Structure formats: structure tokens, C-alpha cells
$ cat start_6.txt   # compact mmCIF, C-alpha atoms
# COMPACT_ATOMS: atom_id res chain seq x y z
CA ASP A 76 -3.57 18.22 0.96
CA THR A 77 -4.27 16.33 2.29
CA GLY A 78 -3.84 12.85 3.02
CA VAL A 79 -4.19 11.17 6.42
CA SER A 80 -1.65 12.41 8.95
CA GLN A 81 -0.50 10.78 12.18
CA ASP A 82 1.46 12.13 15.09
CA PRO A 83 3.96 11.26 16.40
CA ARG A 84 5.68 9.16 13.76
CA HIS A 85 7.81 7.39 16.34
CA LYS A 86 7.35 6.86 20.07
CA ILE A 87 9.67 5.10 22.50
CA THR A 88 8.27 4.54 25.97
CA LYS A 89 9.02 2.50 29.04
CA ARG A 90 6.83 -0.38 30.08
CA GLY A 91 3.97 0.80 32.27
CA GLN A 92 3.73 4.30 30.80
CA ASN A 93 0.66 5.63 28.97
CA VAL A 94 0.90 6.81 25.36
CA THR A 95 -1.51 8.67 23.08
CA PHE A 96 -1.47 8.87 19.31
CA ARG A 97 -3.33 11.27 17.07
CA CYS A 98 -4.82 10.79 13.62
CA ASP A 99 -6.10 13.53 11.32
CA PRO A 100 -8.18 11.97 8.52
CA ILE A 101 -8.87 13.34 5.06
CA SER A 102 -11.22 16.21 5.79
CA GLU A 103 -14.31 15.03 3.94
CA HIS A 104 -14.07 11.43 5.20
CA ASN A 105 -16.51 10.58 7.97
CA ARG A 106 -15.25 7.04 8.61
CA LEU A 107 -12.06 6.27 10.47
CA TYR A 108 -10.21 3.09 11.38
CA TRP A 109 -7.33 2.20 13.67
CA TYR A 110 -5.13 -0.80 12.95
CA ARG A 111 -2.06 -2.39 14.49
CA GLN A 112 0.64 -3.98 12.35
CA THR A 113 3.59 -6.08 13.47
CA LEU A 114 6.53 -7.18 11.35
CA GLY A 115 5.57 -9.62 8.62
CA GLN A 116 1.86 -9.33 9.30
CA GLY A 117 -0.99 -7.46 7.67
CA PRO A 118 -2.81 -4.68 9.49
CA GLU A 119 -5.04 -5.96 12.31
CA PHE A 120 -8.32 -4.13 12.90
CA LEU A 121 -8.64 -2.34 16.25
CA THR A 122 -11.64 -0.03 16.03
CA TYR A 123 -13.98 1.88 13.70
CA PHE A 124 -15.65 5.28 13.93
CA GLN A 125 -18.41 6.74 11.83
CA ASN A 126 -18.39 10.45 12.58
CA GLU A 127 -17.97 10.63 16.37
CA ALA A 128 -19.59 7.26 17.10
CA GLN A 129 -17.37 4.25 17.81
CA LEU A 130 -19.36 1.52 16.07
CA GLU A 131 -17.02 -1.46 16.31
CA LYS A 132 -14.12 -2.55 18.48
CA SER A 133 -12.00 -5.67 18.07
CA ARG A 134 -12.70 -8.45 20.56
CA LEU A 135 -8.94 -8.81 20.83
CA LEU A 136 -8.57 -5.25 22.06
CA SER A 137 -7.51 -5.10 25.67
CA ASP A 138 -9.29 -2.65 27.96
CA ARG A 139 -5.95 -0.83 28.20
CA PHE A 140 -6.72 0.54 24.74
CA SER A 141 -9.20 3.35 24.21
CA ALA A 142 -10.01 5.51 21.24
CA GLU A 143 -12.01 8.68 20.77
CA ARG A 144 -13.11 10.87 17.92
CA PRO A 145 -14.59 14.02 19.40
CA LYS A 146 -16.69 16.05 16.97
CA GLY A 147 -16.06 13.50 14.24
CA SER A 148 -12.79 15.05 13.13
CA PHE A 149 -9.41 13.91 14.46
CA SER A 150 -9.09 10.75 16.52
CA THR A 151 -6.86 9.66 19.39
CA LEU A 152 -5.76 6.19 20.43
CA GLU A 153 -4.52 5.80 24.01
CA ILE A 154 -2.69 2.80 25.42
CA GLN A 155 -2.49 2.65 29.18
CA ARG A 156 0.16 0.72 31.15
CA THR A 157 2.08 -0.23 28.02
CA GLU A 158 3.58 -3.70 27.71
CA GLN A 159 6.39 -4.91 25.47
CA GLY A 160 3.84 -6.77 23.35
CA ASP A 161 2.29 -3.42 22.40
CA SER A 162 5.36 -2.62 20.29
CA ALA A 163 4.02 -2.29 16.73
CA MET A 164 3.09 0.16 13.99
CA TYR A 165 -0.26 1.82 14.69
CA LEU A 166 -2.03 2.82 11.50
CA CYS A 167 -4.99 5.08 10.97
CA ALA A 168 -7.12 5.02 7.83
CA SER A 169 -10.05 7.09 6.66
CA ARG A 170 -12.65 6.30 4.04
CA GLN A 171 -15.52 7.93 2.24
CA ASP A 172 -16.89 5.13 0.07
CA SER A 173 -15.28 1.71 0.23
CA GLU A 174 -11.62 2.61 -0.26
CA GLN A 175 -9.49 3.22 2.79
CA TYR A 176 -6.59 5.67 2.72
CA PHE A 177 -3.89 5.08 5.27
CA GLY A 178 -1.66 7.45 7.17
CA PRO A 179 2.09 6.91 7.56
CA GLY A 180 1.65 5.20 10.95
CA THR A 181 3.09 5.68 14.42
CA ARG A 182 5.89 3.26 15.31
CA LEU A 183 5.68 2.40 19.04
CA THR A 184 8.60 0.79 20.84
CA VAL A 185 8.07 -0.28 24.46
CA THR A 186 11.31 -0.89 26.36
CA GLU B 73 -14.41 -17.59 10.29
CA ASP B 74 -13.52 -14.87 7.78
CA GLN B 75 -9.98 -15.37 6.51
CA VAL B 76 -7.53 -14.12 3.87
CA THR B 77 -4.49 -16.11 2.74
CA GLN B 78 -1.85 -14.71 0.41
CA SER B 79 0.76 -16.62 -1.53
CA PRO B 80 3.62 -16.76 -2.06
CA GLU B 81 4.98 -15.09 1.09
CA ALA B 82 7.93 -13.76 -0.89
CA LEU B 83 8.77 -13.54 -4.58
CA ARG B 84 11.94 -12.54 -6.39
CA LEU B 85 11.66 -11.63 -10.06
CA GLN B 86 14.08 -10.40 -12.65
CA GLU B 87 13.15 -7.09 -14.24
CA GLY B 88 10.69 -7.84 -17.05
CA GLU B 89 9.71 -11.27 -15.67
CA SER B 90 5.91 -11.28 -15.32
CA SER B 91 4.17 -13.15 -12.50
CA SER B 92 1.02 -13.32 -10.38
CA LEU B 93 0.26 -12.99 -6.68
CA ASN B 94 -2.63 -14.90 -5.14
CA CYS B 95 -5.18 -13.91 -2.51
CA SER B 96 -7.59 -16.64 -1.35
CA TYR B 97 -10.46 -15.65 0.88
CA THR B 98 -13.22 -17.17 2.97
CA VAL B 99 -15.86 -14.66 3.95
CA SER B 100 -19.53 -14.68 4.80
CA GLY B 101 -20.55 -12.51 1.88
CA LEU B 102 -18.15 -10.17 0.10
CA ARG B 103 -18.71 -6.44 0.04
CA GLY B 104 -15.35 -5.78 -1.62
CA LEU B 105 -11.80 -7.03 -2.12
CA PHE B 106 -8.95 -4.55 -1.98
CA TRP B 107 -5.31 -4.55 -3.02
CA TYR B 108 -2.72 -2.31 -1.39
CA ARG B 109 1.00 -1.72 -1.86
CA GLN B 110 3.14 -1.10 1.22
CA ASP B 111 6.71 0.19 1.21
CA PRO B 112 8.91 -0.43 4.27
CA GLY B 113 8.07 1.87 7.18
CA LYS B 114 5.06 3.40 5.42
CA GLY B 115 1.31 2.98 5.48
CA PRO B 116 -0.43 0.88 2.80
CA GLU B 117 -1.24 2.65 -0.46
CA PHE B 118 -4.57 1.84 -2.08
CA LEU B 119 -4.39 0.18 -5.51
CA PHE B 120 -7.69 -1.47 -6.49
CA THR B 121 -11.19 -2.40 -5.37
CA LEU B 122 -13.03 -5.39 -6.84
CA TYR B 123 -16.66 -6.09 -6.04
CA SER B 124 -17.85 -9.10 -8.01
CA ALA B 125 -16.54 -12.26 -9.66
CA GLY B 126 -15.26 -11.62 -13.16
CA GLU B 127 -14.32 -8.03 -12.48
CA GLU B 128 -10.87 -6.79 -13.55
CA LYS B 129 -9.00 -3.54 -12.85
CA GLU B 130 -5.74 -2.31 -14.38
CA LYS B 131 -3.19 0.32 -13.52
CA GLU B 132 0.13 0.60 -15.34
CA ARG B 133 1.86 -2.79 -14.98
CA LEU B 134 -0.68 -4.17 -12.50
CA LYS B 135 -3.93 -6.00 -13.19
CA ALA B 136 -6.26 -7.37 -10.52
CA THR B 137 -8.87 -10.06 -11.12
CA LEU B 138 -11.52 -11.63 -8.92
CA THR B 139 -13.28 -15.00 -8.73
CA LYS B 140 -15.67 -16.29 -6.07
CA LYS B 141 -12.83 -17.65 -3.94
CA GLU B 142 -9.67 -15.78 -4.91
CA SER B 143 -8.08 -12.77 -6.48
CA PHE B 144 -4.91 -12.44 -8.51
CA LEU B 145 -2.62 -9.48 -8.90
CA HIS B 146 -0.79 -9.86 -12.20
CA ILE B 147 2.43 -7.92 -12.64
CA THR B 148 3.52 -7.49 -16.25
CA ALA B 149 7.15 -6.69 -17.06
CA PRO B 150 7.93 -5.50 -13.52
CA LYS B 151 10.54 -2.87 -12.73
CA PRO B 152 12.69 -2.54 -9.60
CA GLU B 153 10.40 0.25 -8.35
CA ASP B 154 7.58 -2.30 -8.13
CA SER B 155 9.41 -3.91 -5.21
CA ALA B 156 7.14 -3.70 -2.16
CA THR B 157 4.78 -5.78 -0.05
CA TYR B 158 1.40 -6.29 -1.68
CA LEU B 159 -1.52 -6.69 0.71
CA CYS B 160 -4.97 -8.06 0.01
CA ALA B 161 -8.00 -7.26 2.21
CA VAL B 162 -11.67 -8.19 2.20
CA GLN B 163 -14.66 -6.42 3.65
CA PRO B 164 -17.46 -8.83 4.63
CA SER B 165 -20.91 -7.75 3.59
CA THR B 166 -22.66 -8.45 6.89
CA GLY B 167 -22.13 -8.14 10.60
CA THR B 168 -19.00 -6.04 10.67
CA TYR B 169 -17.40 -2.85 9.42
CA LYS B 170 -13.88 -4.22 9.56
CA TYR B 171 -11.49 -5.09 6.77
CA ILE B 172 -9.57 -8.36 7.08
CA PHE B 173 -6.04 -8.31 5.73
CA GLY B 174 -3.75 -11.09 4.58
CA THR B 175 -0.10 -11.19 5.59
CA GLY B 176 1.06 -9.93 2.22
CA THR B 177 3.48 -10.97 -0.52
CA ARG B 178 6.94 -9.39 -0.36
CA LEU B 179 8.00 -8.72 -3.95
CA LYS B 180 11.59 -8.00 -4.93
CA VAL B 181 12.34 -7.09 -8.55
CA LEU B 182 15.99 -7.32 -9.50
CA ALA B 183 17.54 -5.07 -12.15
$ encode --input "start_6.txt" --output "C-alpha cells"
Amino acid sequence: DTGVSQDPRHKITKRGQNVTFRCDPISEHNRLYWYRQTLGQGPEFLTYFQNEAQLEKSRLLSDRFSAERPKGSFSTLEIQRTEQGDSAMYLCASRQDSEQYFGPGTRLTVT
Amino acid sequence: EDQVTQSPEALRLQEGESSSLNCSYTVSGLRGLFWYRQDPGKGPEFLFTLYSAGEEKEKERLKATLTKKESFLHITAPKPEDSATYLCAVQPSTGTYKYIFGTGTRLKVLA
């Protein structure tokens, strides 16, 4: 079992570098979300996949951010040319019906 | 604009001292309202889904209720292990797949 897993759990990078995070959803869940959470805030929606199709992306999402879900299984979130403001917890969630189940998150620190 | 507001921001209770957390929402049609518990450094853990006004759900010391404009999470005789941040989220019924989260209530239960 099989809950949602994310890798890595922690990432420290220098400003300007690219980073990629991976999410493995619960196996029978065809819907997947990425969120960003900063201290004292609730999760902020980034993007949504149904199977391999990216059906919604936040208007706030810079074009430095891109996400994929090849073959409708795992998903990756890439941030190019990282900035200090990208420091946050990046959460992935999968759902089957209406309930979302979250992974443990990837904590990104940009120095 | 769709919005979720949670109050209070923080709450300290003595063990056994019951209380309620509030989640007020403004949304263009409600598909569902969700409560999550989040421990420090971890992803949110799903607690309840509520779909329509008047609905109630219970789990151990927690009970969630829903009206047309707000939801309450009642905590009866809390224990120190109930200390966490409690997050409320709504899913609008039209125009978007995203979930909109509040900023949470940080609950501390003292022994």
C-alpha cells in the first residue's frame, strides 16, 4: 500500500537551477492534483490531470512550471530557473471519487 | 470569486474542553466541502466530505456539519493527540476541477 508517494521529500537548490519532483498516486486513481503550500497557508491549486490529460492549470502558475503525467500513472512537476519565492511544500494528491488523498509532500528550499 | 475563510486562526484548549472550528465559504455552486487534518511537515489527511446543507458526519471525537454558507467542525472532549491544523476546502460545482482551501485553524490541546 499504498498511499500517494512523492520523491524527493526534501530538495535544496540554488537560485536559477531546474528541479523536478515525482508523484506516484494511488494505483486505481485516475485523477491527480499538484498543490503548493507555504507556511501558514492552505494548499494552493497548481494543476489537475485526468488520466494523462492536463485539464486545468492555475492562472497564477508561471510558465517556469510544467507538469506531465505520461501514460496516466506517475506525474512530474518541473520548475525551471528557480527563484527564492518558489520555496514551499509541493503536494500531490490523487482522487477516485470526490475525496483527495495527499502525499507527504516535497519541501523545496531555494538558496 | 470563490473563497474559503476559516476561524479562529489558532485555538488552545485544555484536554476535555469541547469547541468548534468554523469554515465560511462563498462559491458559485457547491459540489462538496471537505475537512482535512494536517500535522507539521506532512500532507493533509482526509477527514470528511459534506455535500448538502443539513448533512452531518462523525468520526471519533469529531463531528462536521454543513449549512448553505458555512461548516463547523465540532471537537468533543479533545485529547492532546488532536493537536494539528484543520483545513477546510470546497469544490465548486461548475467551471473548474480545483479545490479551494482555507488557511486552516491551528489547534493545540493541552494535557
$ closest_atom_pairs --input "start_6.txt" --of "chain A" --to "chain B" --cutoff "6 Å" --atoms "all atoms listed in the file" --output "JSON lines"
{"residue": "A:Gln116", "atom": "CA", "partner": "B:Thr175", "partner_atom": "CA", "distance": 4.6}
{"residue": "A:Gly117", "atom": "CA", "partner": "B:Thr175", "partner_atom": "CA", "distance": 4.4}
{"residue": "A:Phe177", "atom": "CA", "partner": "B:Gly115", "partner_atom": "CA", "distance": 5.6}
{"residue": "A:Gly178", "atom": "CA", "partner": "B:Gly115", "partner_atom": "CA", "distance": 5.6}
{"residue": "A:Pro179", "atom": "CA", "partner": "B:Gly115", "partner_atom": "CA", "distance": 4.5}
{"residue": "A:Gly180", "atom": "CA", "partner": "B:Gly115", "partner_atom": "CA", "distance": 5.9}
$ residues_around --input "start_6.txt" --residues "stretch 77-92 of chain A" --least-positions-apart "4" --cutoff "6 Å" --atoms "all atoms listed in the file" --output "ChimeraX atom specification"
/A:97-101,156-158,178,181-186
$ write_last_selection --input "start_6.txt" --atoms "C-alpha atoms" --output "tab-separated table (two decimals), in the frame of the given file"
chain	number	residue	atom	x	y	z
A	97	ARG	CA	-3.33	11.27	17.07
A	98	CYS	CA	-4.82	10.79	13.62
A	99	ASP	CA	-6.10	13.53	11.32
A	100	PRO	CA	-8.18	11.97	8.52
A	101	ILE	CA	-8.87	13.34	5.06
A	156	ARG	CA	0.16	0.72	31.15
A	157	THR	CA	2.08	-0.23	28.02
A	158	GLU	CA	3.58	-3.70	27.71
A	178	GLY	CA	-1.66	7.45	7.17
A	181	THR	CA	3.09	5.68	14.42
A	182	ARG	CA	5.89	3.26	15.31
A	183	LEU	CA	5.68	2.40	19.04
A	184	THR	CA	8.60	0.79	20.84
A	185	VAL	CA	8.07	-0.28	24.46
A	186	THR	CA	11.31	-0.89	26.36
$ residues_around --input "start_6.txt" --residues "B:Gly101" --least-positions-apart "4" --cutoff "10 Å" --atoms "all atoms listed in the file" --output "compact mmCIF listing (two decimals) with C-alpha atoms, in the frame of the given file"
# COMPACT_ATOMS: atom_id res chain seq x y z
CA ASP B 74 -13.52 -14.87 7.78
CA VAL B 162 -11.67 -8.19 2.20
CA GLN B 163 -14.66 -6.42 3.65
CA PRO B 164 -17.46 -8.83 4.63
CA SER B 165 -20.91 -7.75 3.59
CA THR B 166 -22.66 -8.45 6.89
CA GLY B 167 -22.13 -8.14 10.60
$ atom_distance --input "start_6.txt" --atom1 "atom CA of A:Pro145" --atom2 "atom CA of A:Arg106"
12.9 Å
$ residues_around --input "start_6.txt" --residues "B:Leu134" --least-positions-apart "2" --cutoff "8 Å" --atoms "all atoms listed in the file" --output "PDB file with C-alpha atoms, in the coordinates of the input"
ATOM      1  CA  GLU B 130      -5.740  -2.310 -14.380  1.00  0.00           C
ATOM      2  CA  LYS B 131      -3.190   0.320 -13.520  1.00  0.00           C
ATOM      3  CA  GLU B 132       0.130   0.600 -15.340  1.00  0.00           C
ATOM      4  CA  ALA B 136      -6.260  -7.370 -10.520  1.00  0.00           C
ATOM      5  CA  LEU B 145      -2.620  -9.480  -8.900  1.00  0.00           C
ATOM      6  CA  HIS B 146      -0.790  -9.860 -12.200  1.00  0.00           C
ATOM      7  CA  ILE B 147       2.430  -7.920 -12.640  1.00  0.00           C
ATOM      8  CA  THR B 148       3.520  -7.490 -16.250  1.00  0.00           C
TER       9      THR B 148
END
$ residues_around --input "start_6.txt" --residues "A:Gly147" --least-positions-apart "2" --cutoff "9 Å" --atoms "all atoms listed in the file" --output "list of chain:residue names"
A:Asn105, A:Arg106, A:Phe124, A:Gln125, A:Asn126, A:Glu127, A:Ala128, A:Arg144, A:Pro145, A:Phe149, A:Ser150
$ atom_distance --input "start_6.txt" --atom1 "atom CA of B:Cys95" --atom2 "atom CA of A:Leu166"
22.0 Å
$ closest_residue --input "start_6.txt" --among "B:Val181, B:Val76, B:Leu93, B:Val99" --to "B:Ser155" --atoms "only C-alpha atoms"
B:Val181
$ atom_distance --input "start_6.txt" --atom1 "atom CA of A:Arg170" --atom2 "atom CA of A:Leu107"
6.5 Å
$ residues_around --input "start_6.txt" --residues "B:Glu73" --least-positions-apart "2" --cutoff "9 Å" --atoms "all atoms listed in the file" --output "list in words"
Gln75, Thr98, Val99 and Ser100 of chain B
$ axis_aligned_box --input "start_6.txt" --around "stretch 76-89 of chain B" --padding-each-side "6 Å" --output "JSON"
{"center_x": 3.3, "center_y": -11.9, "center_z": -6.6, "size_x": 33.6, "size_y": 21.7, "size_z": 32.9}
$ closest_residue --input "start_6.txt" --among "A:Ala168, A:Tyr123, A:Gly115, A:Ile154" --to "A:Asp138" --atoms "all atoms listed in the file"
A:Ile154
$ closest_residue --input "start_6.txt" --among "A:Gln129, A:Gln171, A:Ser102, A:Ser137" --to "A:Thr151" --atoms "only C-alpha atoms"
A:Gln129
$ closest_residue --input "start_6.txt" --among "A:Ala163, A:Lys146, A:Arg134, A:Gln155" --to "A:Gln112" --atoms "all atoms listed in the file"
A:Ala163
